[in-house]
>>> print(open('input.txt').read())   # compact mmCIF, C-alpha atoms
# COMPACT_ATOMS: atom_id res chain seq x y z
CA MET A 1 0.00 0.00 0.00
CA PRO A 2 1.30 3.49 -0.81
CA VAL A 3 1.79 6.15 1.84
CA THR A 4 -0.61 9.00 0.99
CA LEU A 5 0.51 12.60 1.58
CA ALA A 6 -2.14 15.34 1.51
CA THR A 7 -0.82 18.70 0.26
CA ALA A 8 -3.05 21.59 -0.92
CA THR A 9 -4.47 23.23 -4.07
CA PRO A 10 -2.32 23.30 -7.23
CA GLY A 11 -0.02 26.27 -7.64
CA GLY A 12 0.79 26.77 -3.97
CA GLY A 13 3.83 25.99 -1.86
CA PHE A 14 2.50 22.78 -0.27
CA PRO A 15 2.11 20.76 -3.51
CA LEU A 16 5.56 21.91 -4.61
CA TYR A 17 7.09 20.87 -1.29
CA GLY A 18 5.14 17.63 -1.06
CA GLY A 19 6.23 16.56 -4.52
CA VAL A 20 9.90 17.04 -3.63
CA VAL A 21 9.52 15.19 -0.32
CA ALA A 22 7.83 12.25 -2.05
CA GLU A 23 10.51 12.17 -4.74
CA VAL A 24 13.37 12.12 -2.23
CA ILE A 25 11.80 9.54 0.11
CA ASN A 26 10.91 7.26 -2.78
CA ALA A 27 14.43 7.47 -4.16
CA ILE A 28 15.95 6.48 -0.80
CA ASP A 29 13.36 3.87 0.22
CA PRO A 30 11.25 2.89 -2.84
CA SER A 31 9.26 0.36 -0.80
CA LEU A 32 7.46 3.23 1.00
CA ARG A 33 5.79 4.52 -2.22
CA VAL A 34 4.79 7.99 -1.02
CA GLU A 35 2.03 9.42 -3.22
CA CYS A 36 0.80 13.03 -3.05
CA ARG A 37 -2.88 13.99 -2.98
CA ASN A 38 -4.14 17.51 -3.61
CA SER A 39 -6.52 18.89 -0.99
CA LYS A 40 -7.92 22.25 0.08
CA GLY A 41 -4.91 22.69 2.38
CA SER A 42 -4.17 22.61 6.09
CA THR A 43 -7.74 22.95 7.34
CA GLU A 44 -8.87 19.96 5.28
CA ASN A 45 -5.73 17.92 5.93
CA VAL A 46 -6.35 17.76 9.68
CA PRO A 47 -9.80 16.07 9.42
CA LEU A 48 -8.48 13.81 6.62
CA LEU A 49 -5.71 12.69 8.98
CA GLU A 50 -8.01 12.31 11.97
CA ALA A 51 -10.33 10.11 9.87
CA GLY A 52 -7.39 8.02 8.64
CA GLU A 53 -8.16 8.87 5.01
CA VAL A 54 -4.54 9.91 4.42
CA ASP A 55 -1.35 8.81 6.14
CA LEU A 56 0.48 12.14 6.16
CA GLY A 57 -0.58 15.76 5.73
CA LEU A 58 1.12 19.12 5.41
CA VAL A 59 -0.22 21.51 8.05
CA THR A 60 0.75 25.05 9.03
CA GLY A 61 1.60 25.77 12.65
CA GLU A 62 -1.51 27.85 13.33
CA VAL A 63 -3.74 24.97 12.25
CA ALA A 64 -1.59 22.21 13.81
CA ILE A 65 -1.46 23.72 17.29
CA GLY A 66 -5.13 22.90 18.01
CA PRO A 67 -5.22 19.17 17.23
CA LEU A 68 -1.75 18.63 18.71
CA SER A 69 -2.66 20.33 21.97
CA ARG A 70 -5.98 18.50 22.34
CA LYS A 71 -4.25 15.12 21.92
CA SER A 72 -6.20 14.12 18.83
CA GLY A 73 -3.78 11.30 18.05
CA LEU A 74 -1.95 13.22 15.33
CA SER A 75 1.82 13.35 15.58
CA ILE A 76 4.71 15.22 13.99
CA LEU A 77 6.75 13.35 11.41
CA THR A 78 9.00 16.29 10.58
CA ALA A 79 9.18 20.05 10.74
CA MET A 80 8.84 21.45 7.20
CA TYR A 81 9.93 25.08 7.17
CA SER A 82 9.26 28.35 8.96
CA THR A 83 6.73 30.71 7.39
CA ALA A 84 7.08 34.46 7.92
CA GLY A 85 3.75 35.95 6.82
CA MET A 86 3.57 39.12 4.73
CA PHE A 87 2.00 40.79 1.71
CA VAL A 88 3.41 41.35 -1.77
CA VAL A 89 2.26 44.25 -3.97
CA ARG A 90 3.16 45.46 -7.43
CA GLY A 91 6.24 47.64 -7.67
CA ASP A 92 4.13 50.67 -8.64
CA SER A 93 1.68 50.23 -5.74
CA PRO A 94 1.28 53.28 -3.48
CA ALA A 95 0.88 50.95 -0.46
CA ARG A 96 3.81 50.91 1.97
CA THR A 97 2.23 49.63 5.18
CA ILE A 98 -0.46 47.15 6.21
CA ALA A 99 -2.73 50.08 7.08
CA ASP A 100 -2.45 51.28 3.46
CA LEU A 101 -4.16 48.06 2.34
CA LYS A 102 -7.28 48.60 4.46
CA GLY A 103 -10.42 48.69 2.34
CA LYS A 104 -8.58 47.30 -0.69
CA PRO A 105 -9.12 43.98 -2.49
CA VAL A 106 -6.54 41.57 -1.07
CA VAL A 107 -5.98 37.93 -2.04
CA PHE A 108 -5.59 35.90 1.15
CA GLY A 109 -5.23 32.52 -0.57
CA ALA A 110 -7.19 29.31 -1.00
CA ALA A 111 -10.08 29.12 1.46
CA GLY A 112 -8.75 26.01 3.23
CA SER A 113 -5.14 27.16 3.37
CA GLY A 114 -3.24 27.55 6.60
CA LEU A 115 -1.91 30.82 5.18
CA VAL A 116 -5.41 32.24 5.58
CA VAL A 117 -5.40 31.18 9.23
CA LEU A 118 -2.00 32.86 9.66
CA ALA A 119 -3.36 36.04 8.04
CA ARG A 120 -6.39 36.08 10.37
CA THR A 121 -4.14 35.61 13.39
CA VAL A 122 -1.57 38.24 12.42
CA LEU A 123 -4.20 40.82 11.49
CA ASP A 124 -6.23 40.08 14.63
CA GLY A 125 -3.09 40.95 16.58
CA LEU A 126 -3.30 44.39 14.98
CA GLY A 127 -7.01 44.75 15.74
CA LEU A 128 -7.95 44.09 12.13
CA ASP A 129 -10.45 41.65 10.64
CA ILE A 130 -10.07 40.13 7.15
CA GLU A 131 -13.73 40.52 6.17
CA ARG A 132 -14.41 43.82 7.92
CA ASP A 133 -11.27 45.72 7.06
CA PHE A 134 -10.38 44.37 3.62
CA GLN A 135 -12.13 43.25 0.47
CA ALA A 136 -11.04 39.67 1.08
CA ILE A 137 -10.54 37.39 -1.92
CA TYR A 138 -10.37 33.61 -1.48
CA LEU A 139 -9.27 31.29 -4.25
CA GLU A 140 -10.16 27.87 -5.59
CA ARG A 141 -6.55 27.50 -6.75
CA ALA A 142 -3.64 29.13 -4.91
CA GLY A 143 -1.85 29.62 -8.23
CA ASP A 144 -4.44 32.18 -9.39
CA GLY A 145 -3.43 34.84 -6.85
CA PRO A 146 -0.31 36.38 -8.44
CA ASP A 147 -2.07 37.22 -11.72
CA MET A 148 -4.80 39.06 -9.81
CA VAL A 149 -2.17 41.36 -8.30
CA LEU A 150 -0.24 41.78 -11.53
CA ASP A 151 -3.32 42.69 -13.60
CA GLY A 152 -4.71 45.04 -10.94
CA ARG A 153 -7.73 43.04 -9.77
CA ALA A 154 -6.16 42.89 -6.30
CA ALA A 155 -4.00 45.36 -4.41
CA ALA A 156 -1.96 42.69 -2.62
CA LEU A 157 -1.38 38.99 -2.12
CA TRP A 158 -0.84 37.45 1.32
CA GLY A 159 1.61 34.57 1.66
CA GLY A 160 4.70 33.43 3.49
CA GLY A 161 8.02 31.71 3.59
CA VAL A 162 10.99 31.28 1.30
CA GLY A 163 10.39 29.88 -2.18
CA TRP A 164 6.63 30.42 -2.16
CA PRO A 165 5.48 30.35 -5.82
CA GLY A 166 3.03 33.23 -5.46
CA PHE A 167 5.67 35.56 -4.07
CA ALA A 168 8.19 34.46 -6.68
CA LYS A 169 5.91 35.36 -9.59
CA VAL A 170 5.05 38.84 -8.31
CA ALA A 171 8.64 39.54 -7.20
CA GLU A 172 9.97 38.58 -10.63
CA ALA A 173 7.68 41.23 -12.09
CA GLY A 174 9.13 43.88 -9.75
CA GLY A 175 6.88 43.40 -6.73
CA ARG A 176 7.58 44.69 -3.20
CA PHE A 177 6.87 43.15 0.21
CA ILE A 178 4.88 44.66 3.07
CA ALA A 179 5.31 43.21 6.58
CA PRO A 180 4.55 44.36 10.13
CA ASN A 181 6.99 46.91 11.54
CA ALA A 182 8.77 46.36 14.86
CA ALA A 183 6.00 47.94 16.94
CA GLU A 184 3.34 45.92 15.10
CA ILE A 185 5.30 42.68 15.63
CA ALA A 186 5.37 43.38 19.36
CA GLN A 187 1.62 44.14 19.31
CA ILE A 188 0.84 40.90 17.45
CA ARG A 189 2.96 38.76 19.77
CA ALA A 190 1.40 40.34 22.85
CA ARG A 191 -1.94 38.94 21.69
CA HIS A 192 -0.71 35.72 20.03
CA ALA A 193 2.42 34.60 21.85
CA PHE A 194 2.75 31.32 19.90
CA LEU A 195 3.70 33.31 16.80
CA LYS A 196 7.47 33.63 16.52
CA PRO A 197 9.58 36.49 15.18
CA LEU A 198 10.85 35.22 11.82
CA THR A 199 13.01 36.77 9.11
CA MET A 200 12.91 36.24 5.37
CA PRO A 201 16.58 36.52 4.37
CA ALA A 202 17.80 38.99 1.78
CA GLY A 203 17.76 37.51 -1.70
CA ALA A 204 14.99 35.02 -0.95
CA TYR A 205 13.14 36.53 -3.92
CA PRO A 206 14.11 38.58 -6.97
CA ASN A 207 14.70 42.28 -6.25
CA GLN A 208 14.58 41.69 -2.46
CA SER A 209 17.90 43.13 -1.32
CA THR A 210 17.28 43.36 2.43
CA PRO A 211 15.94 40.92 5.05
CA ILE A 212 12.27 41.28 5.96
CA HIS A 213 11.19 40.80 9.56
CA SER A 214 7.75 39.46 10.40
CA VAL A 215 6.00 36.81 12.49
CA GLY A 216 4.91 33.29 11.73
CA SER A 217 5.35 29.68 12.71
CA TRP A 218 6.71 26.31 11.61
CA SER A 219 4.69 24.06 9.33
CA PHE A 220 4.75 20.31 9.93
CA VAL A 221 4.26 17.01 8.17
CA LEU A 222 1.72 15.38 10.49
CA ALA A 223 0.98 11.66 10.69
CA ARG A 224 -2.43 10.08 11.17
CA PRO A 225 -3.34 8.34 14.42
CA GLY A 226 -2.05 4.79 14.37
CA LEU A 227 0.54 5.18 11.63
CA PRO A 228 2.73 2.11 12.33
CA ASP A 229 5.93 2.85 14.20
CA ASP A 230 8.07 1.06 11.61
CA ILE A 231 6.61 3.21 8.81
CA GLY A 232 7.25 6.39 10.81
CA TYR A 233 10.79 5.23 11.50
CA ARG A 234 11.53 4.48 7.83
CA LEU A 235 9.94 7.73 6.63
CA THR A 236 11.96 9.77 9.13
CA LYS A 237 15.16 7.94 8.29
CA ALA A 238 14.65 8.45 4.53
CA LEU A 239 13.75 12.12 5.02
CA HIS A 240 16.80 12.93 7.04
CA GLN A 241 19.16 10.80 5.01
CA GLY A 242 17.85 12.86 2.10
CA GLU A 243 18.39 16.28 3.68
CA ALA A 244 21.03 17.27 1.12
CA GLN A 245 18.80 16.22 -1.79
CA LEU A 246 15.84 18.12 -0.35
CA ALA A 247 17.94 21.27 0.05
CA ALA A 248 19.26 20.98 -3.51
CA LYS A 249 15.79 20.60 -4.99
CA LEU A 250 13.89 23.30 -3.08
CA ASP A 251 15.06 26.33 -1.09
CA GLN A 252 12.44 26.09 1.64
CA ALA A 253 13.25 22.39 2.14
CA LYS A 254 16.68 23.41 3.46
CA GLU A 255 14.92 23.80 6.81
CA THR A 256 13.60 20.22 6.78
CA THR A 257 16.20 18.72 9.11
CA ALA A 258 16.25 16.36 12.05
CA ALA A 259 17.57 19.15 14.27
CA ASN A 260 14.75 21.52 13.29
CA THR A 261 12.15 18.83 13.94
CA ALA A 262 13.42 18.40 17.49
CA ALA A 263 13.60 22.17 18.03
CA ALA A 264 10.28 23.12 16.43
CA ALA A 265 8.07 20.46 18.04
CA PRO A 266 6.04 22.12 20.84
CA ASP A 267 6.72 18.98 22.91
CA PRO A 268 9.05 16.06 22.03
CA ALA A 269 6.20 13.71 23.00
CA LEU A 270 4.29 14.99 19.95
CA ILE A 271 6.86 13.53 17.55
CA HIS A 272 5.73 10.24 15.98
CA PRO A 273 7.09 7.32 18.08
CA GLY A 274 8.88 5.75 15.12
CA GLY A 275 10.38 9.07 14.12
CA ALA A 276 11.41 9.78 17.72
CA THR A 277 13.20 6.44 17.84
CA TYR A 278 15.26 7.40 14.81
CA LEU A 279 16.00 10.88 16.18
CA ARG A 280 17.23 9.31 19.43
CA GLU A 281 19.42 6.89 17.48
CA ILE A 282 21.20 9.78 15.75
CA GLY A 283 21.52 11.77 18.96
CA ILE A 284 19.01 14.53 18.16
CA LEU A 285 16.53 13.73 20.94
>>> encode(input="input.txt", output="structure tokens")
Amino acid sequence: MPVTLATATPGGGFPLYGGVVAEVINAIDPSLRVECRNSKGSTENVPLLEAGEVDLGLVTGEVAIGPLSRKSGLSILTAMYSTAGMFVVRGDSPARTIADLKGKPVVFGAAGSGLVVLARTVLDGLGLDIERDFQAIYLERAGDGPDMVLDGRAAALWGGGVGWPGFAKVAEAGGRFIAPNAAEIAQIRARHAFLKPLTMPAGAYPNQSTPIHSVGSWSFVLARPGLPDDIGYRLTKALHQGEAQLAAKLDQAKETTAANTAAAAPDPALIHPGGATYLREIGIL
């Protein structure tokens, strides 16, 4: 039987990442046969996992924190990458701050995406509401967002992280990024302490010459309840034996390491038992 991995809608960062992860694992341990499945994103992946309809699912930190904390039986296979949330606008946009986007049409992503949850959380920290304070646009396909900014149908696109396809497309066309300033970051974290200060390094995207500071969280590959320990062990071993291949294939996958999994897990007990066994064997846990 193949190992099914739920990702998100075509054109977004999760399907891109999931495809690379499946390719690397299958090359190292072909008997696992990891197969990707498109979904609506993080908010659909959690119930799919809880129902045992998929074996693995990609889930953003804001969505993962609930089921992990309520002991739903889900576990962490690996930390994926950190996601610093922000907006991208066209280079000729007059907007320079988040406040400048109020009342404007803004693409927040696919309706089931964890990026939307991150946007709601970040903006709530600033006393803003997506529906009340913006003309919120939700997508069927994450890949449709960049064109809406580039052709003027939307003033901005929300997203996050290094190597995100939506940001890359707008940045290549001369786009600029808008993130919370230092005072806003402090305000957000005062309300939502689980969000971490994160930095998108200079050069992460075309024409981005300086680092951009924001807030966000780690995304995870979560495992369904009851995923056999030996499968979790072999998946974790293949993933971390393939760290160099992951990094070579995809920038954001450079953060998918055994060390980051141990560091990013809210509690080591939340790591899949088979995966934890492997991490202990290599001296990470």
>>> atom_distance(input="input.txt", atom1="CA of Asp151 (chain A)", atom2="CA of Arg90 (chain A)")
9.4 Å
>>> closest_residue(input="input.txt", among="A:Arg176, A:Arg141, A:Arg234, A:Lys104", to="Val34 (chain A)", atoms="only C-alpha atoms")
A:Arg234
>>> closest_residue(input="input.txt", among="A:Val215, A:Val170, A:Ile130, A:Leu157", to="Ala183 (chain A)", atoms="all atoms listed in the file")
A:Val215
>>> residues_around(input="input.txt", residues="Thr236 (chain A)", least_positions_apart="2", cutoff="10 Å", atoms="all atoms listed in the file", output="VMD selection string")
chain A and resid 25 77 to 78 230 to 234 238 to 242 257 to 258 272 274 to 279
>>> closest_residue(input="input.txt", among="A:Leu198, A:Ile282, A:Thr60, A:Leu235", to="Pro30 (chain A)", atoms="all atoms listed in the file")
A:Leu235
>>> closest_residue(input="input.txt", among="A:Gln252, A:Ser72, A:Asn207, A:Ser214", to="Gly18 (chain A)", atoms="all atoms listed in the file")
A:Gln252
>>> atom_distance(input="input.txt", atom1="CA of Ala22 (chain A)", atom2="CA of Lys254 (chain A)")
15.3 Å
>>> closest_residue(input="input.txt", among="A:Gly125, A:Pro47, A:Gly12, A:Gly216", to="Gly85 (chain A)", atoms="all atoms listed in the file")
A:Gly216
>>> closest_residue(input="input.txt", among="A:Gly283, A:Gly11, A:Gly163, A:Pro228", to="Asp147 (chain A)", atoms="only C-alpha atoms")
A:Gly11
>>> atom_distance(input="input.txt", atom1="CA of Leu139 (chain A)", atom2="CA of Lys40 (chain A)")
10.1 Å
>>> residues_near_point(input="input.txt", point="(12.7, 14.2, -5.7)", cutoff="10 Å", atoms="all atoms listed in the file", output="PyMOL selection string")
chain A and resi 17-28+242+245-246+248-250
>>> residues_around(input="input.txt", residues="Arg120 (chain A)", least_positions_apart="4", cutoff="12 Å", atoms="all atoms listed in the file", output="tab-separated table (two decimals) with C-alpha atoms, in the frame of the given file")
chain	number	residue	atom	x	y	z
A	62	GLU	CA	-1.51	27.85	13.33
A	63	VAL	CA	-3.74	24.97	12.25
A	85	GLY	CA	3.75	35.95	6.82
A	86	MET	CA	3.57	39.12	4.73
A	108	PHE	CA	-5.59	35.90	1.15
A	109	GLY	CA	-5.23	32.52	-0.57
A	111	ALA	CA	-10.08	29.12	1.46
A	113	SER	CA	-5.14	27.16	3.37
A	114	GLY	CA	-3.24	27.55	6.60
A	115	LEU	CA	-1.91	30.82	5.18
A	116	VAL	CA	-5.41	32.24	5.58
A	124	ASP	CA	-6.23	40.08	14.63
A	125	GLY	CA	-3.09	40.95	16.58
A	126	LEU	CA	-3.30	44.39	14.98
A	127	GLY	CA	-7.01	44.75	15.74
A	128	LEU	CA	-7.95	44.09	12.13
A	129	ASP	CA	-10.45	41.65	10.64
A	130	ILE	CA	-10.07	40.13	7.15
A	131	GLU	CA	-13.73	40.52	6.17
A	132	ARG	CA	-14.41	43.82	7.92
A	133	ASP	CA	-11.27	45.72	7.06
A	134	PHE	CA	-10.38	44.37	3.62
A	136	ALA	CA	-11.04	39.67	1.08
A	158	TRP	CA	-0.84	37.45	1.32
A	159	GLY	CA	1.61	34.57	1.66
A	188	ILE	CA	0.84	40.90	17.45
A	192	HIS	CA	-0.71	35.72	20.03
A	216	GLY	CA	4.91	33.29	11.73
>>> residues_around(input="input.txt", residues="Val221 (chain A)", least_positions_apart="3", cutoff="7 Å", atoms="all atoms listed in the file", output="MDAnalysis selection string")
chainID A and resid 56:59 76:80
>>> residues_near_point(input="input.txt", point="(0.6, 14.4, -3.1)", cutoff="6 Å", atoms="all atoms listed in the file", output="mmCIF file with C-alpha atoms, keeping the file's coordinate frame")
data_model
loop_
_atom_site.group_PDB
_atom_site.id
_atom_site.type_symbol
_atom_site.label_atom_id
_atom_site.label_comp_id
_atom_site.auth_asym_id
_atom_site.auth_seq_id
_atom_site.Cartn_x
_atom_site.Cartn_y
_atom_site.Cartn_z
ATOM 1 C CA LEU A 5 0.510 12.600 1.580
ATOM 2 C CA ALA A 6 -2.140 15.340 1.510
ATOM 3 C CA THR A 7 -0.820 18.700 0.260
ATOM 4 C CA GLY A 18 5.140 17.630 -1.060
ATOM 5 C CA GLU A 35 2.030 9.420 -3.220
ATOM 6 C CA CYS A 36 0.800 13.030 -3.050
ATOM 7 C CA ARG A 37 -2.880 13.990 -2.980
ATOM 8 C CA ASN A 38 -4.140 17.510 -3.610
#
>>> residues_around(input="input.txt", residues="Pro201 (chain A)", least_positions_apart="6", cutoff="10 Å", atoms="all atoms listed in the file", output="VMD selection string")
chain A and resid 161 to 162 208 to 213
>>> residues_around(input="input.txt", residues="Leu49 (chain A)", least_positions_apart="5", cutoff="8 Å", atoms="all atoms listed in the file", output="PDB file with C-alpha atoms, keeping the file's coordinate frame")
ATOM      1  CA  VAL A  54      -4.540   9.910   4.420  1.00  0.00           C
ATOM      2  CA  ASP A  55      -1.350   8.810   6.140  1.00  0.00           C
ATOM      3  CA  LEU A  56       0.480  12.140   6.160  1.00  0.00           C
ATOM      4  CA  GLY A  57      -0.580  15.760   5.730  1.00  0.00           C
ATOM      5  CA  LEU A  74      -1.950  13.220  15.330  1.00  0.00           C
ATOM      6  CA  ALA A 223       0.980  11.660  10.690  1.00  0.00           C
ATOM      7  CA  ARG A 224      -2.430  10.080  11.170  1.00  0.00           C
ATOM      8  CA  PRO A 225      -3.340   8.340  14.420  1.00  0.00           C
TER       9      PRO A 225
END
>>> decode(input="input.txt", residues="region 84-172 of chain A", atoms="C-alpha atoms", output="CSV table (one decimal), in the first residue's frame")
chain,number,residue,atom,x,y,z
A,84,ALA,CA,7.1,34.5,7.9
A,85,GLY,CA,3.8,35.9,6.8
A,86,MET,CA,3.6,39.1,4.7
A,87,PHE,CA,2.0,40.8,1.7
A,88,VAL,CA,3.4,41.4,-1.8
A,89,VAL,CA,2.3,44.3,-4.0
A,90,ARG,CA,3.2,45.5,-7.4
A,91,GLY,CA,6.2,47.6,-7.7
A,92,ASP,CA,4.1,50.7,-8.6
A,93,SER,CA,1.7,50.2,-5.7
A,94,PRO,CA,1.3,53.3,-3.5
A,95,ALA,CA,0.9,51.0,-0.5
A,96,ARG,CA,3.8,50.9,2.0
A,97,THR,CA,2.2,49.6,5.2
A,98,ILE,CA,-0.5,47.1,6.2
A,99,ALA,CA,-2.7,50.1,7.1
A,100,ASP,CA,-2.4,51.3,3.5
A,101,LEU,CA,-4.2,48.1,2.3
A,102,LYS,CA,-7.3,48.6,4.5
A,103,GLY,CA,-10.4,48.7,2.3
A,104,LYS,CA,-8.6,47.3,-0.7
A,105,PRO,CA,-9.1,44.0,-2.5
A,106,VAL,CA,-6.5,41.6,-1.1
A,107,VAL,CA,-6.0,37.9,-2.0
A,108,PHE,CA,-5.6,35.9,1.1
A,109,GLY,CA,-5.2,32.5,-0.6
A,110,ALA,CA,-7.2,29.3,-1.0
A,111,ALA,CA,-10.1,29.1,1.5
A,112,GLY,CA,-8.7,26.0,3.2
A,113,SER,CA,-5.1,27.2,3.4
A,114,GLY,CA,-3.2,27.5,6.6
A,115,LEU,CA,-1.9,30.8,5.2
A,116,VAL,CA,-5.4,32.2,5.6
A,117,VAL,CA,-5.4,31.2,9.2
A,118,LEU,CA,-2.0,32.9,9.7
A,119,ALA,CA,-3.4,36.0,8.0
A,120,ARG,CA,-6.4,36.1,10.4
A,121,THR,CA,-4.1,35.6,13.4
A,122,VAL,CA,-1.6,38.2,12.4
A,123,LEU,CA,-4.2,40.8,11.5
A,124,ASP,CA,-6.2,40.1,14.6
A,125,GLY,CA,-3.1,40.9,16.6
A,126,LEU,CA,-3.3,44.4,15.0
A,127,GLY,CA,-7.0,44.7,15.7
A,128,LEU,CA,-8.0,44.1,12.1
A,129,ASP,CA,-10.4,41.7,10.6
A,130,ILE,CA,-10.1,40.1,7.2
A,131,GLU,CA,-13.7,40.5,6.2
A,132,ARG,CA,-14.4,43.8,7.9
A,133,ASP,CA,-11.3,45.7,7.1
A,134,PHE,CA,-10.4,44.4,3.6
A,135,GLN,CA,-12.1,43.3,0.5
A,136,ALA,CA,-11.0,39.7,1.1
A,137,ILE,CA,-10.5,37.4,-1.9
A,138,TYR,CA,-10.4,33.6,-1.5
A,139,LEU,CA,-9.3,31.3,-4.2
A,140,GLU,CA,-10.2,27.9,-5.6
A,141,ARG,CA,-6.5,27.5,-6.7
A,142,ALA,CA,-3.6,29.1,-4.9
A,143,GLY,CA,-1.8,29.6,-8.2
A,144,ASP,CA,-4.4,32.2,-9.4
A,145,GLY,CA,-3.4,34.8,-6.8
A,146,PRO,CA,-0.3,36.4,-8.4
A,147,ASP,CA,-2.1,37.2,-11.7
A,148,MET,CA,-4.8,39.1,-9.8
A,149,VAL,CA,-2.2,41.4,-8.3
A,150,LEU,CA,-0.2,41.8,-11.5
A,151,ASP,CA,-3.3,42.7,-13.6
A,152,GLY,CA,-4.7,45.0,-10.9
A,153,ARG,CA,-7.7,43.0,-9.8
A,154,ALA,CA,-6.2,42.9,-6.3
A,155,ALA,CA,-4.0,45.4,-4.4
A,156,ALA,CA,-2.0,42.7,-2.6
A,157,LEU,CA,-1.4,39.0,-2.1
A,158,TRP,CA,-0.8,37.5,1.3
A,159,GLY,CA,1.6,34.6,1.7
A,160,GLY,CA,4.7,33.4,3.5
A,161,GLY,CA,8.0,31.7,3.6
A,162,VAL,CA,11.0,31.3,1.3
A,163,GLY,CA,10.4,29.9,-2.2
A,164,TRP,CA,6.6,30.4,-2.2
A,165,PRO,CA,5.5,30.3,-5.8
A,166,GLY,CA,3.0,33.2,-5.5
A,167,PHE,CA,5.7,35.6,-4.1
A,168,ALA,CA,8.2,34.5,-6.7
A,169,LYS,CA,5.9,35.4,-9.6
A,170,VAL,CA,5.0,38.8,-8.3
A,171,ALA,CA,8.6,39.5,-7.2
A,172,GLU,CA,10.0,38.6,-10.6
